[in-house]
>>> print(open('run_2.cif').read())   # mmCIF, C-alpha atoms
data_work
loop_
_atom_site.group_PDB
_atom_site.id
_atom_site.type_symbol
_atom_site.label_atom_id
_atom_site.label_comp_id
_atom_site.auth_asym_id
_atom_site.auth_seq_id
_atom_site.Cartn_x
_atom_site.Cartn_y
_atom_site.Cartn_z
ATOM 1 C CA GLU P 1 13.307 -128.450 -55.185
ATOM 2 C CA TRP P 2 9.969 -129.810 -56.373
ATOM 3 C CA ILE P 3 7.889 -131.541 -53.696
ATOM 4 C CA THR P 4 4.385 -132.950 -54.017
ATOM 5 C CA THR P 5 1.896 -134.052 -51.386
ATOM 6 C CA GLU P 6 0.373 -136.564 -53.829
ATOM 7 C CA LEU P 7 2.985 -139.265 -53.184
ATOM 8 C CA GLY P 8 3.019 -139.489 -49.406
ATOM 9 C CA ALA P 9 6.336 -139.547 -47.545
ATOM 10 C CA GLN P 10 8.344 -139.909 -50.770
ATOM 11 C CA GLY P 11 7.233 -136.502 -52.050
ATOM 12 C CA THR P 12 10.457 -135.012 -53.424
ATOM 13 C CA VAL P 13 10.289 -135.300 -57.202
ATOM 14 C CA CYS P 14 13.265 -133.152 -58.194
ATOM 15 C CA ALA P 15 16.003 -131.442 -56.185
ATOM 16 C CA GLY P 16 19.357 -129.868 -56.818
ATOM 17 C CA GLY P 17 21.756 -127.138 -55.891
ATOM 18 C CA ARG P 18 25.237 -125.732 -56.118
ATOM 19 C CA TYR P 19 28.117 -128.033 -55.326
ATOM 20 C CA ASP P 20 31.077 -125.652 -55.374
ATOM 21 C CA GLY P 21 34.066 -127.301 -53.761
ATOM 22 C CA LEU P 22 32.751 -130.846 -54.123
ATOM 23 C CA VAL P 23 35.512 -131.837 -56.551
ATOM 24 C CA GLU P 24 38.124 -130.568 -54.089
ATOM 25 C CA LEU P 25 36.382 -132.337 -51.203
ATOM 26 C CA MET P 26 36.480 -135.606 -53.154
ATOM 27 C CA GLY P 27 40.228 -135.325 -53.721
ATOM 28 C CA GLY P 28 40.478 -132.923 -56.645
ATOM 29 C CA ARG P 29 43.386 -130.489 -56.756
ATOM 30 C CA GLN P 30 41.361 -127.305 -57.010
ATOM 31 C CA PRO P 31 37.834 -126.054 -56.366
ATOM 32 C CA VAL P 32 35.475 -126.339 -59.329
ATOM 33 C CA PRO P 33 32.163 -124.467 -59.526
ATOM 34 C CA ALA P 34 29.331 -126.919 -60.127
ATOM 35 C CA VAL P 35 25.582 -127.413 -60.091
ATOM 36 C CA GLY P 36 23.580 -130.609 -60.124
ATOM 37 C CA PHE P 37 20.141 -132.101 -59.744
ATOM 38 C CA ALA P 38 18.358 -135.423 -59.477
ATOM 39 C CA MET P 39 14.879 -136.355 -60.609
ATOM 40 C CA GLY P 40 12.829 -139.417 -59.703
ATOM 41 C CA LEU P 41 11.437 -140.746 -62.976
ATOM 42 C CA GLU P 42 9.242 -143.304 -61.214
ATOM 43 C CA ARG P 43 7.716 -140.473 -59.174
ATOM 44 C CA LEU P 44 7.054 -138.442 -62.320
ATOM 45 C CA LEU P 45 5.381 -141.469 -63.883
ATOM 46 C CA GLU P 46 3.244 -142.043 -60.790
ATOM 47 C CA LEU P 47 2.162 -138.391 -60.797
ATOM 48 C CA ARG P 48 1.334 -138.605 -64.503
ATOM 49 C CA LEU P 49 -0.732 -141.745 -63.972
ATOM 50 C CA GLN P 50 -2.610 -140.059 -61.131
ATOM 51 C CA GLN P 51 -3.198 -136.999 -63.294
ATOM 52 C CA ALA P 52 -4.595 -139.180 -66.083
ATOM 53 C CA GLY P 53 -6.880 -140.927 -63.603
ATOM 54 C CA ALA P 54 -5.066 -144.227 -63.980
ATOM 55 C CA ALA P 55 -3.416 -145.966 -61.085
ATOM 56 C CA ALA P 56 -0.362 -148.105 -61.537
ATOM 57 C CA PRO P 57 -1.540 -151.711 -61.630
ATOM 58 C CA ALA P 58 -1.059 -153.683 -58.459
ATOM 59 C CA PRO P 59 1.303 -156.603 -58.858
ATOM 60 C CA ALA P 60 -0.270 -160.036 -58.810
ATOM 61 C CA LEU P 61 2.817 -161.623 -57.275
ATOM 62 C CA TYR P 62 5.236 -160.114 -54.763
ATOM 63 C CA VAL P 63 8.508 -161.985 -54.207
ATOM 64 C CA VAL P 64 10.031 -161.536 -50.747
ATOM 65 C CA ALA P 65 13.533 -162.716 -49.857
ATOM 66 C CA THR P 66 14.113 -163.300 -46.153
ATOM 67 C CA GLY P 67 17.664 -161.967 -46.222
ATOM 68 C CA GLY P 68 20.125 -160.010 -48.318
ATOM 69 C CA ALA P 69 22.018 -163.127 -49.368
ATOM 70 C CA LEU P 70 18.866 -164.282 -51.162
ATOM 71 C CA ASP P 71 18.314 -161.092 -53.176
ATOM 72 C CA ARG P 72 19.908 -162.538 -56.320
ATOM 73 C CA PRO P 73 17.935 -165.797 -56.209
ATOM 74 C CA ALA P 74 14.775 -163.759 -55.505
ATOM 75 C CA MET P 75 15.437 -161.566 -58.565
ATOM 76 C CA ALA P 76 15.947 -164.685 -60.671
ATOM 77 C CA LEU P 77 12.711 -166.173 -59.306
ATOM 78 C CA ALA P 78 10.813 -162.968 -60.110
ATOM 79 C CA GLU P 79 12.166 -163.059 -63.658
ATOM 80 C CA ARG P 80 11.097 -166.697 -64.092
ATOM 81 C CA LEU P 81 7.627 -165.756 -62.833
ATOM 82 C CA ARG P 82 7.431 -162.881 -65.332
ATOM 83 C CA ASP P 83 8.325 -165.330 -68.099
ATOM 84 C CA ALA P 84 5.804 -167.925 -66.883
ATOM 85 C CA PHE P 85 2.974 -165.405 -66.369
ATOM 86 C CA PRO P 86 3.496 -162.687 -68.991
ATOM 87 C CA GLY P 87 0.154 -161.005 -68.320
ATOM 88 C CA ARG P 88 0.765 -160.649 -64.584
ATOM 89 C CA ALA P 89 2.795 -157.970 -62.832
ATOM 90 C CA VAL P 90 5.528 -159.341 -60.568
ATOM 91 C CA MET P 91 7.351 -157.238 -57.982
ATOM 92 C CA ALA P 92 10.375 -158.280 -55.943
ATOM 93 C CA HIS P 93 11.371 -156.741 -52.610
ATOM 94 C CA LEU P 94 15.115 -156.450 -52.468
ATOM 95 C CA GLY P 95 17.075 -154.680 -49.800
ATOM 96 C CA GLY P 96 16.835 -154.108 -46.107
ATOM 97 C CA GLY P 97 14.134 -154.198 -43.531
ATOM 98 C CA SER P 98 12.770 -156.806 -41.199
ATOM 99 C CA MET P 99 10.625 -159.633 -42.482
ATOM 100 C CA LYS P 100 7.640 -157.931 -40.880
ATOM 101 C CA SER P 101 8.272 -154.706 -42.802
ATOM 102 C CA ARG P 102 8.841 -156.652 -46.026
ATOM 103 C CA MET P 103 5.498 -158.398 -45.630
ATOM 104 C CA LYS P 104 3.782 -155.089 -44.843
ATOM 105 C CA LYS P 105 5.157 -153.706 -48.111
ATOM 106 C CA ALA P 106 3.911 -156.778 -49.938
ATOM 107 C CA ASP P 107 0.445 -156.259 -48.476
ATOM 108 C CA ARG P 108 0.424 -152.509 -49.203
ATOM 109 C CA SER P 109 1.448 -153.181 -52.809
ATOM 110 C CA GLY P 110 -1.971 -154.693 -53.456
ATOM 111 C CA ALA P 111 -0.472 -157.999 -54.602
ATOM 112 C CA ASP P 112 -2.655 -161.083 -54.481
ATOM 113 C CA VAL P 113 0.120 -163.379 -53.262
ATOM 114 C CA ALA P 114 3.494 -163.093 -51.547
ATOM 115 C CA ILE P 115 6.042 -165.668 -52.623
ATOM 116 C CA ILE P 116 8.590 -166.036 -49.844
ATOM 117 C CA LEU P 117 12.086 -167.298 -50.511
ATOM 118 C CA GLY P 118 13.940 -168.223 -47.325
ATOM 119 C CA GLU P 119 17.212 -170.051 -46.818
ATOM 120 C CA ASP P 120 15.502 -173.395 -46.195
ATOM 121 C CA GLU P 121 13.228 -172.971 -49.203
ATOM 122 C CA HIS P 122 16.116 -171.943 -51.444
ATOM 123 C CA ALA P 123 18.191 -174.956 -50.382
ATOM 124 C CA ALA P 124 15.246 -177.259 -51.122
ATOM 125 C CA GLY P 125 14.195 -175.610 -54.414
ATOM 126 C CA ALA P 126 10.937 -174.538 -52.803
ATOM 127 C CA VAL P 127 9.002 -171.381 -51.922
ATOM 128 C CA THR P 128 6.298 -170.433 -49.451
ATOM 129 C CA VAL P 129 3.115 -169.025 -50.989
ATOM 130 C CA LYS P 130 1.141 -166.664 -48.752
ATOM 131 C CA PRO P 131 -2.212 -165.421 -50.083
ATOM 132 C CA LEU P 132 -2.658 -161.745 -49.207
ATOM 133 C CA ARG P 133 -6.216 -161.156 -50.476
ATOM 134 C CA ALA P 134 -7.826 -164.573 -50.019
ATOM 135 C CA ASP P 135 -8.676 -166.388 -46.825
ATOM 136 C CA ALA P 136 -6.382 -169.331 -47.484
ATOM 137 C CA PRO P 137 -3.444 -170.736 -45.535
ATOM 138 C CA GLN P 138 0.114 -170.199 -46.636
ATOM 139 C CA GLN P 139 1.758 -173.269 -48.080
ATOM 140 C CA ARG P 140 5.201 -174.430 -49.023
ATOM 141 C CA CYS P 141 5.669 -175.979 -52.435
ATOM 142 C CA ALA P 142 8.437 -176.932 -54.814
ATOM 143 C CA GLU P 143 9.180 -174.151 -57.269
ATOM 144 C CA SER P 144 8.283 -176.593 -60.050
ATOM 145 C CA GLY P 145 4.753 -176.860 -58.592
ATOM 146 C CA LEU P 146 4.263 -173.133 -58.098
ATOM 147 C CA ALA P 147 2.083 -172.665 -61.202
ATOM 148 C CA GLU P 148 -0.418 -175.242 -59.929
ATOM 149 C CA VAL P 149 -0.570 -173.642 -56.469
ATOM 150 C CA LEU P 150 -1.097 -170.185 -57.976
ATOM 151 C CA ALA P 151 -3.788 -171.571 -60.292
ATOM 152 C CA SER P 152 -5.583 -173.121 -57.308
ATOM 153 C CA LEU P 153 -5.613 -169.660 -55.717
ATOM 154 C CA GLY P 154 -6.975 -168.097 -58.909
ATOM 155 C CA VAL P 155 -3.866 -165.978 -59.418
ATOM 156 C CA ALA P 156 -2.257 -167.634 -62.452
#
>>> encode(input="run_2.cif", output="structure tokens")
Amino acid sequence: EWITTELGAQGTVCAGGRYDGLVELMGGRQPVPAVGFAMGLERLLELRLQQAGAAAPAPALYVVATGGALDRPAMALAERLRDAFPGRAVMAHLGGGSMKSRMKKADRSGADVAIILGEDEHAAGAVTVKPLRADAPQQRCAESGLAEVLASLGVA
């Protein structure tokens, strides 16, 4: 097991062990001796960037879906944003957690803006834009007008 203190709580970079009997446990007919390991490539990259003195760039835009049913539309939105703003990093939060924890992750990412996709917004073809670094109110806009809103915030 390789653990680092440089990455916070997610410090395990590589781990493995013997898995004798796993095949039998999973329904195999006989025990099979085995070994295995897993390695987090993103953690290796982060360590390498830290070692080189370069930090991973903060995303400019962080897409947050309000529920699991909106993960696919949120991924599609993030991809459209990457196409529309090729020089800007876009991150999408997919998966569990409360809305509060999702927004905390958006803030901790260093992103300039969170783009929130809720059920009402999705049904209306809209998003909510929440500035994370500027003292500006959040606003709802049609997805077609998102570029103008981001430009007004100095993000696009």
>>> resolve_selection(input="run_2.cif", expression="the PyMOL selection byres ((chain P and resi 116-127) around 6)", output="list in words")
Val63, Val64, Ala65, Thr66, Ile115, Thr128, Arg140, Cys141, Ala142 and Glu143 of chain P
>>> closest_residue(input="run_2.cif", among="P:Leu70, P:Val32, P:Ala78, P:Ala58", to="Ala106 (chain P)", atoms="only C-alpha atoms")
P:Ala58
>>> resolve_selection(input="run_2.cif", expression="the PyMOL selection byres ((chain P and resi 1-15) around 7)", output="PyMOL selection string")
chain P and resi 16+37-40+43-44
>>> axis_aligned_box(input="run_2.cif", around="region 87-100 of chain P", padding_each_side="5 Å", output="AutoDock Vina command-line options")
--center_x 8.6 --center_y -157.6 --center_z -54.6 --size_x 26.9 --size_y 16.9 --size_z 37.4
>>> atom_distance(input="run_2.cif", atom1="CA of Gly110 (chain P)", atom2="CA of Gly68 (chain P)")
23.3 Å
>>> resolve_selection(input="run_2.cif", expression="the PyMOL selection byres ((chain P and resi 80-89) around 12)", output="PyMOL selection string")
chain P and resi 56-63+73-79+90-92+109-113+115+143-144+146-148+150-151+155-156
>>> write_last_selection(input="run_2.cif", atoms="C-alpha atoms", output="PDB file, keeping the file's coordinate frame")
ATOM      1  CA  ALA P  56      -0.362-148.105 -61.537  1.00  0.00           C
ATOM      2  CA  PRO P  57      -1.540-151.711 -61.630  1.00  0.00           C
ATOM      3  CA  ALA P  58      -1.059-153.683 -58.459  1.00  0.00           C
ATOM      4  CA  PRO P  59       1.303-156.603 -58.858  1.00  0.00           C
ATOM      5  CA  ALA P  60      -0.270-160.036 -58.810  1.00  0.00           C
ATOM      6  CA  LEU P  61       2.817-161.623 -57.275  1.00  0.00           C
ATOM      7  CA  TYR P  62       5.236-160.114 -54.763  1.00  0.00           C
ATOM      8  CA  VAL P  63       8.508-161.985 -54.207  1.00  0.00           C
ATOM      9  CA  PRO P  73      17.935-165.797 -56.209  1.00  0.00           C
ATOM     10  CA  ALA P  74      14.775-163.759 -55.505  1.00  0.00           C
ATOM     11  CA  MET P  75      15.437-161.566 -58.565  1.00  0.00           C
ATOM     12  CA  ALA P  76      15.947-164.685 -60.671  1.00  0.00           C
ATOM     13  CA  LEU P  77      12.711-166.173 -59.306  1.00  0.00           C
ATOM     14  CA  ALA P  78      10.813-162.968 -60.110  1.00  0.00           C
ATOM     15  CA  GLU P  79      12.166-163.059 -63.658  1.00  0.00           C
ATOM     16  CA  VAL P  90       5.528-159.341 -60.568  1.00  0.00           C
ATOM     17  CA  MET P  91       7.351-157.238 -57.982  1.00  0.00           C
ATOM     18  CA  ALA P  92      10.375-158.280 -55.943  1.00  0.00           C
ATOM     19  CA  SER P 109       1.448-153.181 -52.809  1.00  0.00           C
ATOM     20  CA  GLY P 110      -1.971-154.693 -53.456  1.00  0.00           C
ATOM     21  CA  ALA P 111      -0.472-157.999 -54.602  1.00  0.00           C
ATOM     22  CA  ASP P 112      -2.655-161.083 -54.481  1.00  0.00           C
ATOM     23  CA  VAL P 113       0.120-163.379 -53.262  1.00  0.00           C
ATOM     24  CA  ILE P 115       6.042-165.668 -52.623  1.00  0.00           C
ATOM     25  CA  GLU P 143       9.180-174.151 -57.269  1.00  0.00           C
ATOM     26  CA  SER P 144       8.283-176.593 -60.050  1.00  0.00           C
ATOM     27  CA  LEU P 146       4.263-173.133 -58.098  1.00  0.00           C
ATOM     28  CA  ALA P 147       2.083-172.665 -61.202  1.00  0.00           C
ATOM     29  CA  GLU P 148      -0.418-175.242 -59.929  1.00  0.00           C
ATOM     30  CA  LEU P 150      -1.097-170.185 -57.976  1.00  0.00           C
ATOM     31  CA  ALA P 151      -3.788-171.571 -60.292  1.00  0.00           C
ATOM     32  CA  VAL P 155      -3.866-165.978 -59.418  1.00  0.00           C
ATOM     33  CA  ALA P 156      -2.257-167.634 -62.452  1.00  0.00           C
TER      34      ALA P 156
END
>>> atom_distance(input="run_2.cif", atom1="CA of Val35 (chain P)", atom2="CA of Val23 (chain P)")
11.4 Å
>>> closest_residue(input="run_2.cif", among="P:Gly67, P:Gly154, P:Gly17, P:Gly53", to="Arg102 (chain P)", atoms="all atoms listed in the file")
P:Gly67
